[in-house]
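Asks: First the structure, then my questions, so here it is.
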Amino acid sequence: MERTLNNKAWFLVLPVLVLVAFSAIIPLMTVVNYSVQDTFGNNQFFWAGLDWFEDVLGSDRFWNALGRNLIFSAIILAIEVPLGIYIALNMPKKGWGVPVCLVLMALPLLIPWNVVGTIWQVFGRVDIGLLGRTLTALGIDYNYVQDPLDAWVTIIVMDVWHWTSLVVLLCYAGLVSIPDAYYQAAKIDGASRWSVFRFIQLPKMGRVLLIAVLLRFMDSFMIYTEPFVVTGGGPGNETTFLSIDLVKMAIGQFDVGPAAAMSLVYFLIVLSLSWVFYTVMTNQGQETGK
Amino acid sequence: MDFSWMAWTWPTATFFGIIFALLGVMAFWEYRVPGGNPRVGILRFQTTRGDRLFISLLGSGFINLAWLGLVGPQLWWSLALSVVYAVCVFRFV
């Protein structure tokens with residue numbers, strides 16, 4: 001490790017530090033302050049100690065929402081990653097089809113989250129939505145407003161529609177970076193399609209696939225807008241994830257103290273996952289020498 | 001400037017005071033011994049002093065939450081456990 005001779009360059013990051021302090025650190029400190037107090041508005045606070053944390057950790061509401069979050073993320077990963085790899089493997093590598101496919105894949109990523117939610121909210125309605133009416137016409141009893149399973153299927157399909165492209169584009173970037181020499185060697189050895197995938201393409205996609213998995217996990221774990229617009233957390237609380245529950249508690253019920261405690265526990269979980277993300281990424285980079 | 005909207009209390013102020021003091025100590029340590037002292041410990045990947053502080057604080061947060069949820073609101077023992085954990089992290093990670 002080279003010795004750092006001049007630390008004055010650190011002063012150059014001061015403006016960013018001030019910006020982060022105003023936008024993140026000071027609000028976070030305020031949340032910590034709220035988490036140990038109770039308020040009824042009018043800027044009056046009453047000391048509550050660790051009561052809200054005890055309430056959160058002992059509440060079924062929190063653990064159920066966390067469980068739903070984890071199940072949702074697991075399902076999303078189980079669908080989007082294999083599907084993304086499959087599509088990337090079948091995309092053209094040369095010719096006019098490449099830009100066409102890339103633009104088509106990028107389109108869902110360009111649509112804002114609330115617009116995606118609105119699209120699917122209308123799309124799935126049994127009275128005016130294309131999907132809802134078609135399924136009903138086919139004799140399928142589908143109603144995402146009343147049936148929890150239908151609500152889950154709808155938001156999962158919506159997320160797959162919205163975000164599989166990200167996995168596809170990352171995998172495709174990994175695939176096109178593989179030199180032709182690997183494929184030529186495999187052909188000479190008489191390798192099967194599966195062997196080419198297992199021993200050439202999958203290892204070469206490893207790093208981008210890791211980025212895709214971790215990005216999708218973290219993003220799906222913090223999902224808010226799309227399910228909120230489509231189902232509003234319902235029917236009942238069947239699609240109420242942590243972020244939706246948090247907003248309901250803080251803004252809907254004005255339970256600022258419990259919401260602050262819950263958001264800090266949520267923050268710790270997200271921070272841990274971010275650290276895993278950062279650590280795995282940086283160590284993967286060091287192993288591959290990039 | 002009026003910071004009453006931040007609803008400060010002495011316990012939370014002390015908490016943040018300790019966090020900022022730790023960051024100050026780390027900055028001074030880095031100034032005196034630059035480079036972050038990177039090494040590979042029991043986790044089998046490279047960590048610097050800053051990484052070890054982060055792992056200590058994050059782990060301490062979970063230790064205290066687990067204690068609160070499983071044992072009760074008296075956190076002195078979990079605080080002591082967190083200190084032991086932090087020492088182990090700085091020693092072995």
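Each chain of the structure tokens is named A, B, ... in the order shown, its residues numbered from 1; ligands are numbered from 1 in display order.
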Considering only C-alpha atoms, return as number ranges by chain whatever protein or nucleic-acid residues lie within 9 Å of stretch 22-36 of chain A, sequence-local ones (same chain, fewer than 3 positions apart) excluded.

Replies: A: 17-19, 39, 45-53, 256-264; B: 5-9, 12-13, 16

Asks: Do you know which residues are at most 10 Å from B:Gln46 counting only C-alpha atoms, after dropping those on the same chain fewer than 4 positions away, and could you put them as JSON, numbers by chain?

Replies: {"A": [279, 282, 283, 286], "B": [37, 38, 39, 40, 41, 42, 51, 93]}

Asks: If you keep N, CA and C atoms, can you produce a file of those selected residues as a JSON list (two decimals), in the first residue's frame?

Replies:
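Listed below is the output, selection09.json:
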[["chain", "number", "residue", "atom", "x", "y", "z"],
["A", 279, "THR", "N", -19.33, -5.40, -0.63],
["A", 279, "THR", "CA", -18.22, -6.30, -0.32],
["A", 279, "THR", "C", -18.04, -7.36, -1.40],
["A", 282, "THR", "N", -16.68, -5.66, -4.65],
["A", 282, "THR", "CA", -15.28, -5.23, -4.62],
["A", 282, "THR", "C", -14.35, -6.44, -4.56],
["A", 283, "ASN", "N", -14.73, -7.47, -3.81],
["A", 283, "ASN", "CA", -13.87, -8.65, -3.73],
["A", 283, "ASN", "C", -13.87, -9.44, -5.03],
["A", 286, "GLN", "N", -11.47, -7.71, -7.23],
["A", 286, "GLN", "CA", -10.07, -7.98, -6.90],
["A", 286, "GLN", "C", -9.63, -9.37, -7.37],
["B", 37, "ASN", "N", -4.65, 0.43, 6.90],
["B", 37, "ASN", "CA", -4.22, -0.88, 7.42],
["B", 37, "ASN", "C", -5.04, -2.04, 6.83],
["B", 38, "PRO", "N", -5.03, -2.22, 5.52],
["B", 38, "PRO", "CA", -5.81, -3.31, 4.93],
["B", 38, "PRO", "C", -5.22, -4.68, 5.26],
["B", 39, "ARG", "N", -6.08, -5.65, 5.51],
["B", 39, "ARG", "CA", -5.62, -7.01, 5.79],
["B", 39, "ARG", "C", -6.76, -8.01, 5.52],
["B", 40, "VAL", "N", -6.38, -9.27, 5.39],
["B", 40, "VAL", "CA", -7.37, -10.33, 5.19],
["B", 40, "VAL", "C", -7.50, -11.10, 6.50],
["B", 41, "GLY", "N", -8.71, -11.07, 7.06],
["B", 41, "GLY", "CA", -8.93, -11.75, 8.35],
["B", 41, "GLY", "C", -9.77, -12.99, 8.19],
["B", 42, "ILE", "N", -10.53, -13.32, 9.25],
["B", 42, "ILE", "CA", -11.28, -14.57, 9.24],
["B", 42, "ILE", "C", -12.43, -14.58, 8.23],
["B", 51, "ASP", "N", -13.68, -0.26, 7.34],
["B", 51, "ASP", "CA", -14.57, -1.41, 7.17],
["B", 51, "ASP", "C", -14.83, -2.07, 8.52],
["B", 93, "VAL", "N", -10.98, -9.66, 12.23],
["B", 93, "VAL", "CA", -11.57, -9.53, 10.88],
["B", 93, "VAL", "C", -10.60, -8.83, 9.93]]

Asks: Identify every residue of chain B that has at least one atom within 10 Å of any atom of chain A, counting only C-alpha atoms, and report the result as a VMD selection string.

Replies: chain B and resid 3 to 13 15 to 16 30 to 31 33 to 38 44 to 47 51 54 to 55 58 to 59 61 to 62 65 to 66 68 to 70 72 to 75

Asks: To one decimal place, how far is atom CA of A:Val115 from atom CA of A:His162 in Å?

Replies: 10.9 Å

Asks: Would you please give, as a ChimeraX atom specification, all residues of chain B that DSSP assigns to strand (DSSP E or B) based on the backbone?

Replies: /B:39-40,46-47

Asks: Store the residues picked out above in a file with C-alpha atoms, as a PDB file, in the first residue's frame.

Replies:
ATOM      1  CA  ARG B  39      -5.620  -7.013   5.788  1.00  0.00           C
ATOM      2  CA  VAL B  40      -7.373 -10.326   5.192  1.00  0.00           C
ATOM      3  CA  GLN B  46      -9.705  -7.599   2.668  1.00  0.00           C
ATOM      4  CA  THR B  47     -10.905  -5.051   5.200  1.00  0.00           C
TER       5      THR B  47
END

Asks: Could you give me, as a tab-separated table, every stretch 189-209 of chain A residue with an atom at most 10 Å from stretch 85-89 of chain A, plus its closest atom pair and distance in Å to one decimal, counting only C-alpha atoms, rows ordered by chain then number?

Replies:
residue	atom	partner	partner_atom	distance
A:Phe197	CA	A:Leu89	CA	9.0
A:Gln201	CA	A:Leu89	CA	9.0
A:Leu202	CA	A:Ile85	CA	9.2
A:Met205	CA	A:Ile85	CA	9.3
A:Leu209	CA	A:Ile85	CA	8.7

Asks: If you count only C-alpha atoms, which residues fall within 9 Å of B:Val89, apart from same-chain ones fewer than 5 positions away, as a list in words?

Replies: Arg52, Leu53, Ile55, Ser56 and Val84 of chain B

Asks: Please produce an output containing N, CA, C and O atoms for each residue in the selection, written as a CSV table (one decimal), in the first residue's frame.

Replies:
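The resulting file, result-v9.csv, is shown below:
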chain,number,residue,atom,x,y,z
B,52,ARG,N,-13.8,-2.2,9.3
B,52,ARG,CA,-13.9,-2.9,10.6
B,52,ARG,C,-14.8,-2.1,11.6
B,52,ARG,O,-15.6,-2.7,12.3
B,53,LEU,N,-14.7,-0.7,11.5
B,53,LEU,CA,-15.6,0.1,12.3
B,53,LEU,C,-17.0,-0.1,11.9
B,53,LEU,O,-17.9,-0.2,12.7
B,55,ILE,N,-18.4,-2.6,10.3
B,55,ILE,CA,-18.9,-4.0,10.7
B,55,ILE,C,-19.2,-4.0,12.2
B,55,ILE,O,-20.2,-4.6,12.6
B,56,SER,N,-18.4,-3.3,12.9
B,56,SER,CA,-18.6,-3.3,14.4
B,56,SER,C,-19.9,-2.6,14.7
B,56,SER,O,-20.7,-3.0,15.5
B,84,VAL,N,-17.4,-6.1,23.2
B,84,VAL,CA,-16.6,-7.3,23.0
B,84,VAL,C,-16.5,-7.7,21.6
B,84,VAL,O,-15.5,-8.0,21.0

Asks: For A:Ile223, which residue out of A:Asn64, A:Ser59, A:Asn237, A:Ser73 is the nearest one, using only C-alpha atoms?

Replies: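 Among the listed residues, A:Ser73 lies closest to A:Ile223.
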
Asks: Give the alpha helix (DSSP H) residues of stretch 22-261 of chain A, as DSSP finds them on the backbone, and put them as an MDAnalysis selection string.

Replies: chainID A and resid 26:35 51:57 60:90 97:110 113:123 130:137 148:176 180:188 193:196 202:221 225:230 242:247 256:261

Asks: Using atom CA of A:Phe199 and atom CA of A:Leu102 as the two end points, give the distance in Å to one decimal.

Replies: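 Spanning atom CA of A:Phe199 to atom CA of A:Leu102 is a straight-line distance of 25.8 Å.
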
Asks: Have a look at B:Met26, B:Ile63, B:Ile19, B:Leu43 and name the one nearest to B:Ser78; count only C-alpha atoms.

Replies: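 Counting only C-alpha atoms, the residue closest to B:Ser78 is B:Ile63.
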
Asks: At a cut-off of 10 Å, using only C-alpha atoms, what residues contact A:Leu66? Leave out same-chain residues fewer than 5 positions from it and give the result as a PDB file with C-alpha atoms, in the first residue's frame.

Replies:
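And here is the file that came out, around24.pdb:
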ATOM      1  CA  ASP A  60     -46.848  -9.426  13.819  1.00  0.00           C
ATOM      2  CA  ARG A  61     -47.470  -6.529  11.463  1.00  0.00           C
ATOM      3  CA  ILE A  71     -40.984 -13.935  -0.360  1.00  0.00           C
ATOM      4  CA  PHE A  72     -41.571 -11.313  -3.046  1.00  0.00           C
ATOM      5  CA  PHE A 221     -36.776  -5.490  -1.208  1.00  0.00           C
ATOM      6  CA  THR A 240     -48.415  -4.685   2.162  1.00  0.00           C
ATOM      7  CA  PHE A 241     -44.634  -4.621   2.067  1.00  0.00           C
ATOM      8  CA  LEU A 242     -42.410  -2.901   4.613  1.00  0.00           C
ATOM      9  CA  SER A 243     -42.198   0.361   2.687  1.00  0.00           C
ATOM     10  CA  ASP A 245     -46.574  -0.258   5.869  1.00  0.00           C
ATOM     11  CA  TYR A 266     -35.644  -1.444   8.000  1.00  0.00           C
TER      12      TYR A 266
END

Asks: At a cut-off of 6 Å, using only C-alpha atoms, what residues contact A:Pro235? Leave out same-chain residues fewer than 3 positions from it and give the result as a list in words.

Replies: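 The residues that qualify are Gln146, Pro148 and Glu238 of chain A.
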
Asks: Would you list the contacts of A:Trp113 as a list in words, taking every protein, DNA or RNA residue within 9 Å and counting only C-alpha atoms, but skipping same-chain residues closer than 5 positions in sequence?

Replies: Thr118, His162, Thr225 and Glu226 of chain A

Asks: Can you spit out the residues from that selection as a CSV table (one decimal), in the first residue's frame, using N, CA and C atoms?

Replies:
chain,number,residue,atom,x,y,z
A,118,THR,N,-49.7,2.4,-12.8
A,118,THR,CA,-51.0,2.8,-13.4
A,118,THR,C,-51.4,2.0,-14.6
A,162,HIS,N,-41.4,-5.3,-15.9
A,162,HIS,CA,-40.7,-4.0,-15.8
A,162,HIS,C,-39.1,-4.2,-15.7
A,225,THR,N,-43.7,1.9,-5.0
A,225,THR,CA,-44.6,2.6,-5.8
A,225,THR,C,-45.5,1.7,-6.6
A,226,GLU,N,-44.9,0.7,-7.3
A,226,GLU,CA,-45.8,-0.1,-8.2
A,226,GLU,C,-46.9,-0.9,-7.4

Asks: Find the distance between atom CA of A:Gly252 and atom CA of A:Gly233 and write it in Å to one decimal.

Replies: 13.0 Å
